[in-house]
Number of protein chains: 2
Amino acid sequence: MTMKKYVFGIDVGGTTIKCGLFQTDGTLLEKWEIPTRTEHDGDQILPDVAKTVLDKISEKGIAKEEVAGVGIDVPGPVNEKGEIAVAVNLNWGYKDIVGELGSAMGGIPVQAANDANAAALGEMWGGGGRGAKNLIMVTLGTGVGGGIIIDGKIVAGAHGAGGEIGHACVDPEEPEACNCGNHGCLEQMASATGIVRLAKRYLSTYKEKTVLNPERISAKSVYDALKAGDEAASAIVEQVSDYLGNALAIFSCVVDPEIIVIGGGVSKAGQILIDGIKKYYQKYAFISCKDTPIVLAELGNDAGIYGAAKLALDGEVSVLI
Amino acid sequence: MTMKKYVFGIDVGGTTIKCGLFQTDGTLLEKWEIPTRTEHDGDQILPDVAKTVLDKISEKGIAKEEVAGVGIDVPGPVNEKGEIAVAVNLNWGYKDIVGELGSAMGGIPVQAANDANAAALGEMWGGGGRGAKNLIMVTLGTGVGGGIIIDGKIVAGAHGAGGEIGHACVDPEEPEACNCGNHGCLEQMASATGIVRLAKRYLSTYKEKTVLNPERISAKSVYDALKAGDEAASAIVEQVSDYLGNALAIFSCVVDPEIIVIGGGVSKAGQILIDGIKKYYQKYAFISCKDTPIVLAELGNDAGIYGAAKLALDGEVSVLI
């Protein structure tokens with residue numbers, strides 16, 4: 001039997017496919033990107049992935065038998081068989097990811113997962129959650145994504161909605177609707193766009209001096225203003241932190257993780273973001289969970305390729321129906 | 001190797017220890033109870049359990065080798081080693097349940113878990129959640145308990161607080177404090193005592209005719225009044241159902257279960273309870289999870305012995321740190 005030395009992690013986004021070649025011990029040997037060709041119902045995406053992997057194997061003089069597998073994550077709910085019903089950003093309807101990619105790669109094992117879930121697994125394998133087997137990862141980006149890892153495995157859920165924590169309803173009184181159609185989703189409060197939304201609403205009745213300009217506001221500018229001591233920014237961040245801290249405290253009652261990892265663009269604000277969340281998390285958390293560490297993600301945009309590679313190594317996604 | 005034909009499930013409560021002898025296929029052969037002797041720091045509880053199991057083995061002419069194991073659940077957070085830091089209702093401080101009970105039974109394998117988690121496993125094995133491997137169970141009793149099963153295993157959590165969903169903060173504005181010290185826990189709204197609390201509050205300003213008497217109110221009387229068409233009862237149940245439906249919808253975003261099982265004394269209200277919860281669950285749930293079945297528990301007070309027995313059969317509690 002040939003030693004399995006290598007594993008690939010592929011993170012498919014709406015514009016770019018990130019690719020990583022790893023040693024099976026978790027060392028990232030090389031990463032590269034190819035464009036995501038979403039035209040013609042995205043039918044070239046998986047062939048492109050197969051080609052770039054096979055090209056890399058050939059370029060490096062790696063034997064197929066040395067490859068433990070290829071893990072791939074995509075933006076959408078992937079089921080237990082590695083199929084997806086729809087991935088809007090890829091122009092995909094139904095797609096048998098594992099089947100199609102597997103046959104295009106001639107026998108190299110393939111595993112597939114949702115991108116946010118893969119990122120959580122990646123942070124567990126090589127990032128902020130190293131050493132833990134049970135974690136919650138929250139990604140604060142354009143939306144709010146999440147991934148739940150229990151016993152080292154992704155909780156994908158009965159409908160592929162495990163870790164869809166951006167759509168936890170944290171404020172039923174919210175008048176505006178979320179993209180999902182509901183009202184008061186965490187995503188409406190704590191995503192980069194949600195923070196801007198709350199900031200604009202706050203500033204519309206704010207009469208004092210502030211460095212924040214409602215016309216040119218971003219999540220980054222709010223946290224930057226907070227760091228500069230701006231009082232309006234402070235009030236806005238308190239609101240965001242309250243929503244996030246309460247939501248995380250509820251999630252902890254459910255799965256009681258070892259650690260909570262915060263990633264995504266908003267997390268570039270750094271420790272001041274964590275401090276805000278912690279203040280409210282500790283207020284709302286059940287007594288046994290008040291000291292659960294809340295940390296920044298470490299892998300940035302590489303979390304997906306790490307997680308996809310780990311998925312291929314583990315050989316299966318748990319918790320799928 | 002002798003065939004493992006039997007397994008015991010032991011459910012330790014504050015006043016009574018429920019015991020079940022099962023076939024390994026899940027058939028309950030016999031059940032009985034012994035008193036819980038909580039005096040002297042509850043130091044006779046585990047010896048009593050060992051004795052009643054060994055007596056039953058002897059009475060039935062069962063060979064020890066035919067016993068797959070003994071599962072035991074207790075009211076408190078049990079860790080991965082089968083230890084507990086404190087169980088108030090048993091007058092226990094630290095106790096090595098698996099170690100003590102195991103040595104008292106001379107080699108029969110022992111597994112231990114929290115009682116609410118065991119009940120969830122029991123409902124999965126032989127109750128309302130039969131056939132599912134991923135479920136959330138909510139117990140609406142004096143308090144609100146819960147258990148999360150992922151991939152057929154209890155999610156015990158890093159601090160034994162997995163499934164402690166009664167302490168999800170569902171209303172930060174709640175002025176009264178929960179027993180846990182926080183404000184606005186689900187338990188304050190949807191337990192038998194919580195429903196009474198909300199009912200009294202509602203009735204204190206209610207001017208219309210109602211069959212409900214604030215001096216003699218219970219969760220049962222509220223649901224009975226609802227069945228009789230009482231408008232005050234209807235308003236109170238709407239409130240309770242809103243809290244429960246929202247909380248369950250949030251939990252579904254986290255683990256996306258196949259099914260949600262509702263048990264405990266309040267669930268004797270029957271389908272009308274489920275109908276109320278469903279109405280609000282569907283309002284708040286993420287689109288992929290809106291049709292997750294919500295059903296009544298079926299095992300009543302036997303859920304614990306079923307779950308404890310299943311635990312012993314599975315031979316391990318997953319998701320423990």
# chains A, B, ... in the order shown; residues from 1 in each chain; ligands from 1

call {"tool": "select_by_dssp", "arguments": {"residues": "stretch 162-285 of chain A", "states": "helix (DSSP H, G or I)", "output": "number ranges by chain"}}
result
A: 165-167, 187-190, 192-203, 214-216, 219-227, 231-255, 265-269, 271-284

call {"tool": "residues_around", "arguments": {"residues": "stretch 303-314 of chain B", "least_positions_apart": "4", "cutoff": "7 Å", "atoms": "only C-alpha atoms", "output": "list in words"}}
result
Val7, Phe8, Gly9, Ile10, Asp11, Lys18, Cys19, Gly20, Ala68, Gly69, Val70, Gly71, Ile72, Asp73, Val110, Gln111, Asp115, Ala118, Ala119, Ala120, Leu121, Gly122, Glu123 and Leu299 of chain B

call {"tool": "write_last_selection", "arguments": {"atoms": "N, CA, C and O atoms", "output": "tab-separated table (two decimals), in the first residue's frame"}}
result
chain	number	residue	atom	x	y	z
B	7	VAL	N	-29.67	-5.66	28.81
B	7	VAL	CA	-29.04	-4.39	29.17
B	7	VAL	C	-29.96	-3.70	30.19
B	7	VAL	O	-31.20	-3.83	30.11
B	8	PHE	N	-29.35	-3.01	31.14
B	8	PHE	CA	-30.13	-2.32	32.17
B	8	PHE	C	-30.10	-0.81	31.94
B	8	PHE	O	-29.05	-0.25	31.58
B	9	GLY	N	-31.24	-0.18	32.19
B	9	GLY	CA	-31.31	1.27	32.17
B	9	GLY	C	-31.79	1.76	33.53
B	9	GLY	O	-32.83	1.31	34.02
B	10	ILE	N	-31.01	2.65	34.15
B	10	ILE	CA	-31.30	3.13	35.51
B	10	ILE	C	-31.44	4.64	35.45
B	10	ILE	O	-30.52	5.34	35.01
B	11	ASP	N	-32.56	5.15	35.92
B	11	ASP	CA	-32.86	6.59	35.88
B	11	ASP	C	-33.00	7.09	37.32
B	11	ASP	O	-33.99	6.81	37.99
B	18	LYS	N	-35.68	4.71	38.97
B	18	LYS	CA	-36.42	3.84	38.06
B	18	LYS	C	-35.44	2.89	37.38
B	18	LYS	O	-34.37	3.30	36.95
B	19	CYS	N	-35.83	1.62	37.31
B	19	CYS	CA	-34.93	0.61	36.77
B	19	CYS	C	-35.63	-0.14	35.66
B	19	CYS	O	-36.83	-0.44	35.77
B	20	GLY	N	-34.91	-0.45	34.60
B	20	GLY	CA	-35.48	-1.23	33.51
B	20	GLY	C	-34.53	-2.32	33.06
B	20	GLY	O	-33.33	-2.08	32.93
B	68	ALA	N	-24.99	-6.72	28.49
B	68	ALA	CA	-24.16	-5.80	27.70
B	68	ALA	C	-23.64	-4.64	28.56
B	68	ALA	O	-22.55	-4.13	28.33
B	69	GLY	N	-24.43	-4.26	29.53
B	69	GLY	CA	-23.99	-3.18	30.39
B	69	GLY	C	-25.13	-2.57	31.18
B	69	GLY	O	-26.28	-2.98	31.05
B	70	VAL	N	-24.75	-1.62	32.01
B	70	VAL	CA	-25.73	-0.86	32.79
B	70	VAL	C	-25.54	0.61	32.46
B	70	VAL	O	-24.44	1.15	32.59
B	71	GLY	N	-26.61	1.23	32.01
B	71	GLY	CA	-26.58	2.68	31.79
B	71	GLY	C	-27.29	3.36	32.93
B	71	GLY	O	-28.30	2.86	33.42
B	72	ILE	N	-26.76	4.48	33.36
B	72	ILE	CA	-27.37	5.19	34.48
B	72	ILE	C	-27.41	6.67	34.15
B	72	ILE	O	-26.46	7.22	33.60
B	73	ASP	N	-28.55	7.30	34.44
B	73	ASP	CA	-28.58	8.75	34.28
B	73	ASP	C	-28.95	9.41	35.60
B	73	ASP	O	-29.63	8.82	36.42
B	110	VAL	N	-20.32	0.03	32.69
B	110	VAL	CA	-21.25	1.08	33.09
B	110	VAL	C	-21.05	2.32	32.22
B	110	VAL	O	-19.92	2.66	31.88
B	111	GLN	N	-22.14	2.95	31.85
B	111	GLN	CA	-22.10	4.25	31.19
B	111	GLN	C	-23.02	5.19	31.94
B	111	GLN	O	-24.06	4.76	32.43
B	115	ASP	N	-29.63	13.20	32.96
B	115	ASP	CA	-30.97	12.62	32.79
B	115	ASP	C	-31.73	13.15	31.57
B	115	ASP	O	-32.38	12.38	30.85
B	118	ALA	N	-30.26	11.60	28.51
B	118	ALA	CA	-30.66	10.20	28.40
B	118	ALA	C	-32.09	10.09	27.89
B	118	ALA	O	-32.40	9.24	27.05
B	119	ALA	N	-32.96	10.98	28.35
B	119	ALA	CA	-34.36	10.94	27.90
B	119	ALA	C	-34.43	11.17	26.39
B	119	ALA	O	-35.22	10.52	25.69
B	120	ALA	N	-33.60	12.08	25.89
B	120	ALA	CA	-33.58	12.33	24.45
B	120	ALA	C	-33.15	11.07	23.69
B	120	ALA	O	-33.75	10.69	22.68
B	121	LEU	N	-32.13	10.43	24.20
B	121	LEU	CA	-31.66	9.19	23.57
B	121	LEU	C	-32.73	8.11	23.63
B	121	LEU	O	-32.92	7.34	22.68
B	122	GLY	N	-33.44	8.06	24.75
B	122	GLY	CA	-34.53	7.10	24.91
B	122	GLY	C	-35.64	7.32	23.89
B	122	GLY	O	-36.12	6.37	23.26
B	123	GLU	N	-36.03	8.57	23.71
B	123	GLU	CA	-37.09	8.87	22.74
B	123	GLU	C	-36.63	8.53	21.32
B	123	GLU	O	-37.43	8.16	20.47
B	299	LEU	N	-42.63	8.17	25.54
B	299	LEU	CA	-42.24	7.24	26.60
B	299	LEU	C	-42.56	7.73	28.01
B	299	LEU	O	-42.39	6.99	28.98

call {"tool": "interface_residues", "arguments": {"of": "chain B", "to": "chain A", "cutoff": "6 Å", "atoms": "only C-alpha atoms", "output": "list in words"}}
result
Asp151, Gly157, Ala158, Ala161, Gly162, Gly163, Glu164, Ile165, His167, Ala168, Ile250, Cys253, Val254, Val255, Asp256, Pro257, Glu258, Phe286 and Val319 of chain B

call {"tool": "residues_around", "arguments": {"residues": "stretch 80-83 of chain B", "least_positions_apart": "6", "cutoff": "6 Å", "atoms": "only C-alpha atoms", "output": "PyMOL selection string"}}
result
chain B and resi 95-98+112+320

call {"tool": "atom_distance", "arguments": {"atom1": "atom CA of A:Gly93", "atom2": "atom CA of A:Gly194"}}
result
28.4 Å

call {"tool": "residues_around", "arguments": {"residues": "stretch 205-220 of chain A", "least_positions_apart": "2", "cutoff": "8 Å", "atoms": "only C-alpha atoms", "output": "ChimeraX atom specification"}}
result
/A:192-193,195-196,199-203,222-225,230-233,266,269

call {"tool": "write_last_selection", "arguments": {"atoms": "C-alpha atoms", "output": "compact mmCIF listing (two decimals), in the first residue's frame"}}
result
# COMPACT_ATOMS: atom_id res chain seq x y z
CA ALA A 192 -20.87 43.77 7.70
CA THR A 193 -24.02 45.01 5.98
CA ILE A 195 -23.69 46.67 11.16
CA VAL A 196 -23.97 49.41 8.53
CA ALA A 199 -25.31 52.30 12.31
CA LYS A 200 -27.36 54.29 9.81
CA ARG A 201 -30.47 53.77 11.88
CA TYR A 202 -28.68 54.91 15.01
CA LEU A 203 -27.10 57.94 13.37
CA VAL A 222 -17.55 51.81 12.88
CA TYR A 223 -14.88 49.74 14.64
CA ASP A 224 -12.18 52.24 13.66
CA ALA A 225 -14.27 55.03 15.19
CA ASP A 230 -16.23 57.85 19.21
CA GLU A 231 -19.36 57.63 21.35
CA ALA A 232 -21.81 56.91 18.56
CA ALA A 233 -19.60 54.06 17.35
CA VAL A 266 -15.67 42.03 10.30
CA ALA A 269 -11.46 44.67 13.75

call {"tool": "residues_around", "arguments": {"residues": "stretch 43-59 of chain A", "least_positions_apart": "4", "cutoff": "9 Å", "atoms": "only C-alpha atoms", "output": "short mmCIF file (atom, residue, chain, number, x, y, z; two decimals) with all heavy atoms, in the first residue's frame"}}
result
data_model
loop_
_atom_site.label_atom_id
_atom_site.label_comp_id
_atom_site.auth_asym_id
_atom_site.auth_seq_id
_atom_site.Cartn_x
_atom_site.Cartn_y
_atom_site.Cartn_z
N PHE A 8 -5.82 17.41 -1.11
CA PHE A 8 -6.17 18.70 -1.71
C PHE A 8 -7.41 19.28 -1.03
O PHE A 8 -8.34 18.54 -0.70
CB PHE A 8 -6.49 18.53 -3.21
CG PHE A 8 -5.29 18.29 -4.06
CD1 PHE A 8 -4.80 17.00 -4.25
CD2 PHE A 8 -4.63 19.35 -4.68
CE1 PHE A 8 -3.68 16.76 -5.05
CE2 PHE A 8 -3.50 19.12 -5.47
CZ PHE A 8 -3.02 17.82 -5.66
N ILE A 10 -10.20 22.31 -1.81
CA ILE A 10 -10.70 23.21 -2.87
C ILE A 10 -11.89 23.99 -2.32
O ILE A 10 -12.86 23.40 -1.85
CB ILE A 10 -11.17 22.40 -4.10
CG1 ILE A 10 -10.12 21.36 -4.53
CG2 ILE A 10 -11.57 23.33 -5.23
CD1 ILE A 10 -8.84 21.94 -5.08
N VAL A 12 -14.65 26.60 -3.38
CA VAL A 12 -15.26 27.22 -4.55
C VAL A 12 -16.10 28.43 -4.13
O VAL A 12 -17.08 28.28 -3.39
CB VAL A 12 -16.16 26.20 -5.29
CG1 VAL A 12 -16.79 26.85 -6.52
CG2 VAL A 12 -15.36 24.96 -5.67
N ILE A 17 -11.90 30.11 -7.40
CA ILE A 17 -11.75 28.80 -6.76
C ILE A 17 -10.36 28.77 -6.12
O ILE A 17 -9.35 28.89 -6.81
CB ILE A 17 -11.87 27.66 -7.79
CG1 ILE A 17 -13.24 27.71 -8.47
CG2 ILE A 17 -11.65 26.30 -7.12
CD1 ILE A 17 -13.40 26.75 -9.64
N CYS A 19 -7.41 26.86 -4.20
CA CYS A 19 -6.94 25.48 -4.19
C CYS A 19 -5.74 25.37 -3.26
O CYS A 19 -4.89 26.25 -3.24
CB CYS A 19 -6.51 25.04 -5.58
SG CYS A 19 -7.74 25.36 -6.86
N LEU A 21 -2.72 22.49 -1.81
CA LEU A 21 -2.10 21.17 -1.73
C LEU A 21 -1.46 21.06 -0.36
O LEU A 21 -0.61 21.89 0.01
CB LEU A 21 -1.04 21.00 -2.82
CG LEU A 21 -0.13 19.77 -2.70
CD1 LEU A 21 -0.92 18.46 -2.75
CD2 LEU A 21 0.95 19.78 -3.79
N ILE A 34 -7.94 29.66 -9.31
CA ILE A 34 -8.41 29.70 -10.69
C ILE A 34 -9.76 30.42 -10.68
O ILE A 34 -10.43 30.45 -9.65
CB ILE A 34 -8.53 28.29 -11.33
CG1 ILE A 34 -9.51 27.41 -10.53
CG2 ILE A 34 -7.16 27.60 -11.40
CD1 ILE A 34 -9.81 26.07 -11.20
N PRO A 35 -10.15 30.99 -11.82
CA PRO A 35 -11.45 31.68 -11.82
C PRO A 35 -12.61 30.69 -11.77
O PRO A 35 -12.49 29.56 -12.25
CB PRO A 35 -11.44 32.45 -13.15
CG PRO A 35 -10.41 31.78 -13.99
CD PRO A 35 -9.43 31.10 -13.10
N THR A 36 -13.71 31.13 -11.20
CA THR A 36 -14.93 30.33 -11.19
C THR A 36 -15.72 30.67 -12.45
O THR A 36 -16.17 31.80 -12.61
CB THR A 36 -15.80 30.66 -9.96
OG1 THR A 36 -15.00 30.56 -8.79
CG2 THR A 36 -16.97 29.70 -9.84
N ARG A 37 -15.86 29.71 -13.34
CA ARG A 37 -16.60 29.97 -14.57
C ARG A 37 -18.07 29.62 -14.38
O ARG A 37 -18.46 28.47 -14.53
CB ARG A 37 -15.97 29.18 -15.72
CG ARG A 37 -14.54 29.69 -16.04
CD ARG A 37 -14.10 29.26 -17.41
NE ARG A 37 -13.73 27.87 -17.47
CZ ARG A 37 -13.69 27.15 -18.60
NH1 ARG A 37 -14.03 27.71 -19.76
NH2 ARG A 37 -13.30 25.89 -18.58
N THR A 38 -18.84 30.65 -14.02
CA THR A 38 -20.25 30.41 -13.69
C THR A 38 -21.16 30.38 -14.92
O THR A 38 -22.34 30.08 -14.80
CB THR A 38 -20.76 31.49 -12.71
OG1 THR A 38 -20.46 32.78 -13.26
CG2 THR A 38 -20.07 31.38 -11.36
N GLU A 39 -20.60 30.70 -16.10
CA GLU A 39 -21.44 30.69 -17.30
C GLU A 39 -21.88 29.26 -17.65
O GLU A 39 -21.31 28.30 -17.15
CB GLU A 39 -20.70 31.33 -18.49
CG GLU A 39 -19.42 30.65 -18.93
CD GLU A 39 -18.19 31.16 -18.20
OE1 GLU A 39 -18.32 31.71 -17.08
OE2 GLU A 39 -17.08 30.99 -18.74
N ALA A 63 2.26 10.60 -7.32
CA ALA A 63 1.46 9.47 -7.79
C ALA A 63 0.05 9.59 -7.23
O ALA A 63 -0.12 10.01 -6.09
CB ALA A 63 2.09 8.16 -7.33
N LYS A 64 -0.93 9.24 -8.06
CA LYS A 64 -2.32 9.31 -7.59
C LYS A 64 -2.52 8.55 -6.28
O LYS A 64 -3.32 8.93 -5.44
CB LYS A 64 -3.26 8.70 -8.65
CG LYS A 64 -3.84 9.70 -9.61
CD LYS A 64 -4.98 9.06 -10.41
CE LYS A 64 -5.46 10.02 -11.50
NZ LYS A 64 -6.52 9.41 -12.34
N VAL A 67 -2.27 10.36 -3.00
CA VAL A 67 -3.27 11.38 -2.66
C VAL A 67 -4.40 10.77 -1.84
O VAL A 67 -5.11 9.87 -2.30
CB VAL A 67 -3.83 12.04 -3.94
CG1 VAL A 67 -4.88 13.09 -3.58
CG2 VAL A 67 -2.71 12.65 -4.76
N VAL A 70 -9.55 14.49 -2.33
CA VAL A 70 -9.81 15.90 -2.63
C VAL A 70 -11.08 16.30 -1.88
O VAL A 70 -12.12 15.66 -2.03
CB VAL A 70 -10.01 16.12 -4.14
CG1 VAL A 70 -10.42 17.56 -4.42
CG2 VAL A 70 -8.74 15.76 -4.91
N LEU A 90 -23.19 29.91 -7.99
CA LEU A 90 -22.45 29.15 -9.01
C LEU A 90 -23.33 28.89 -10.24
O LEU A 90 -22.89 28.23 -11.18
CB LEU A 90 -21.97 27.82 -8.43
CG LEU A 90 -21.16 27.90 -7.14
CD1 LEU A 90 -20.71 26.51 -6.70
CD2 LEU A 90 -19.95 28.82 -7.30
N ASN A 91 -24.56 29.38 -10.20
CA ASN A 91 -25.55 29.09 -11.25
C ASN A 91 -25.85 27.60 -11.36
O ASN A 91 -26.17 27.10 -12.44
CB ASN A 91 -25.09 29.62 -12.62
CG ASN A 91 -25.19 31.13 -12.68
OD1 ASN A 91 -26.03 31.74 -12.02
ND2 ASN A 91 -24.31 31.75 -13.46
N TRP A 92 -25.71 26.91 -10.23
CA TRP A 92 -25.99 25.48 -10.23
C TRP A 92 -27.42 25.22 -9.80
O TRP A 92 -27.92 25.83 -8.85
CB TRP A 92 -25.09 24.75 -9.22
CG TRP A 92 -23.71 24.50 -9.68
CD1 TRP A 92 -23.15 24.86 -10.87
CD2 TRP A 92 -22.69 23.84 -8.93
NE1 TRP A 92 -21.84 24.46 -10.91
CE2 TRP A 92 -21.52 23.83 -9.72
CE3 TRP A 92 -22.63 23.26 -7.67
CZ2 TRP A 92 -20.34 23.25 -9.30
CZ3 TRP A 92 -21.45 22.68 -7.23
CH2 TRP A 92 -20.30 22.68 -8.05
N ILE A 97 -21.89 16.56 -6.75
CA ILE A 97 -20.51 17.05 -6.70
C ILE A 97 -19.52 15.90 -6.56
O ILE A 97 -18.55 15.79 -7.32
CB ILE A 97 -20.32 18.01 -5.51
CG1 ILE A 97 -21.33 19.17 -5.59
CG2 ILE A 97 -18.89 18.55 -5.47
CD1 ILE A 97 -21.35 20.04 -4.34
N GLU A 100 -19.62 13.66 -9.82
CA GLU A 100 -19.03 14.28 -11.01
C GLU A 100 -17.54 14.51 -10.87
O GLU A 100 -16.76 14.20 -11.78
CB GLU A 100 -19.72 15.63 -11.31
CG GLU A 100 -21.08 15.47 -11.96
CD GLU A 100 -21.60 16.80 -12.52
OE1 GLU A 100 -20.79 17.63 -12.98
OE2 GLU A 100 -22.82 16.99 -12.46
N LEU A 101 -17.15 15.07 -9.74
CA LEU A 101 -15.74 15.37 -9.56
C LEU A 101 -14.93 14.08 -9.42
O LEU A 101 -13.83 13.96 -9.98
CB LEU A 101 -15.54 16.28 -8.33
CG LEU A 101 -14.13 16.80 -8.10
CD1 LEU A 101 -13.60 17.56 -9.32
CD2 LEU A 101 -14.08 17.70 -6.86
N GLY A 102 -15.52 13.12 -8.71
CA GLY A 102 -14.84 11.83 -8.54
C GLY A 102 -14.57 11.17 -9.87
O GLY A 102 -13.44 10.71 -10.14
N ALA A 104 -14.38 12.54 -12.75
CA ALA A 104 -13.44 13.34 -13.55
C ALA A 104 -12.00 13.18 -13.07
O ALA A 104 -11.07 13.54 -13.78
CB ALA A 104 -13.84 14.81 -13.50
N MET A 105 -11.82 12.63 -11.88
CA MET A 105 -10.46 12.51 -11.36
C MET A 105 -10.00 11.06 -11.28
O MET A 105 -8.94 10.79 -10.69
CB MET A 105 -10.35 13.18 -10.00
CG MET A 105 -10.52 14.70 -10.18
SD MET A 105 -9.90 15.58 -8.78
CE MET A 105 -10.73 14.69 -7.51
#

call {"tool": "atom_distance", "arguments": {"atom1": "atom CA of A:Tyr94", "atom2": "atom CA of A:Asn301"}}
result
26.4 Å

call {"tool": "select_by_dssp", "arguments": {"residues": "stretch 124-295 of chain B", "states": "strand (DSSP E)", "output": "PyMOL selection string"}}
result
chain B and resi 135-140+144-150+153-154+259-263+294-295

call {"tool": "write_last_selection", "arguments": {"atoms": "C-alpha atoms", "output": "compact mmCIF listing (two decimals), in the first residue's frame"}}
result
# COMPACT_ATOMS: atom_id res chain seq x y z
CA LEU B 135 -32.98 15.14 17.18
CA ILE B 136 -33.69 17.77 19.75
CA MET B 137 -35.76 16.82 22.73
CA VAL B 138 -37.31 19.45 24.97
CA THR B 139 -38.74 18.48 28.34
CA LEU B 140 -41.33 20.92 29.66
CA VAL B 144 -37.17 23.10 30.91
CA GLY B 145 -34.62 20.43 30.07
CA GLY B 146 -33.30 19.23 26.81
CA GLY B 147 -31.12 16.79 25.00
CA ILE B 148 -29.37 16.99 21.66
CA ILE B 149 -28.64 13.84 19.69
CA ILE B 150 -26.28 14.07 16.75
CA LYS B 153 -25.06 10.17 20.17
CA ILE B 154 -25.69 12.54 23.04
CA ILE B 259 -37.22 15.89 14.33
CA ILE B 260 -38.04 17.80 17.51
CA VAL B 261 -39.62 15.85 20.36
CA ILE B 262 -41.58 17.59 23.13
CA GLY B 263 -41.95 15.81 26.45
CA ILE B 294 -42.39 18.57 15.95
CA VAL B 295 -43.94 15.65 17.81
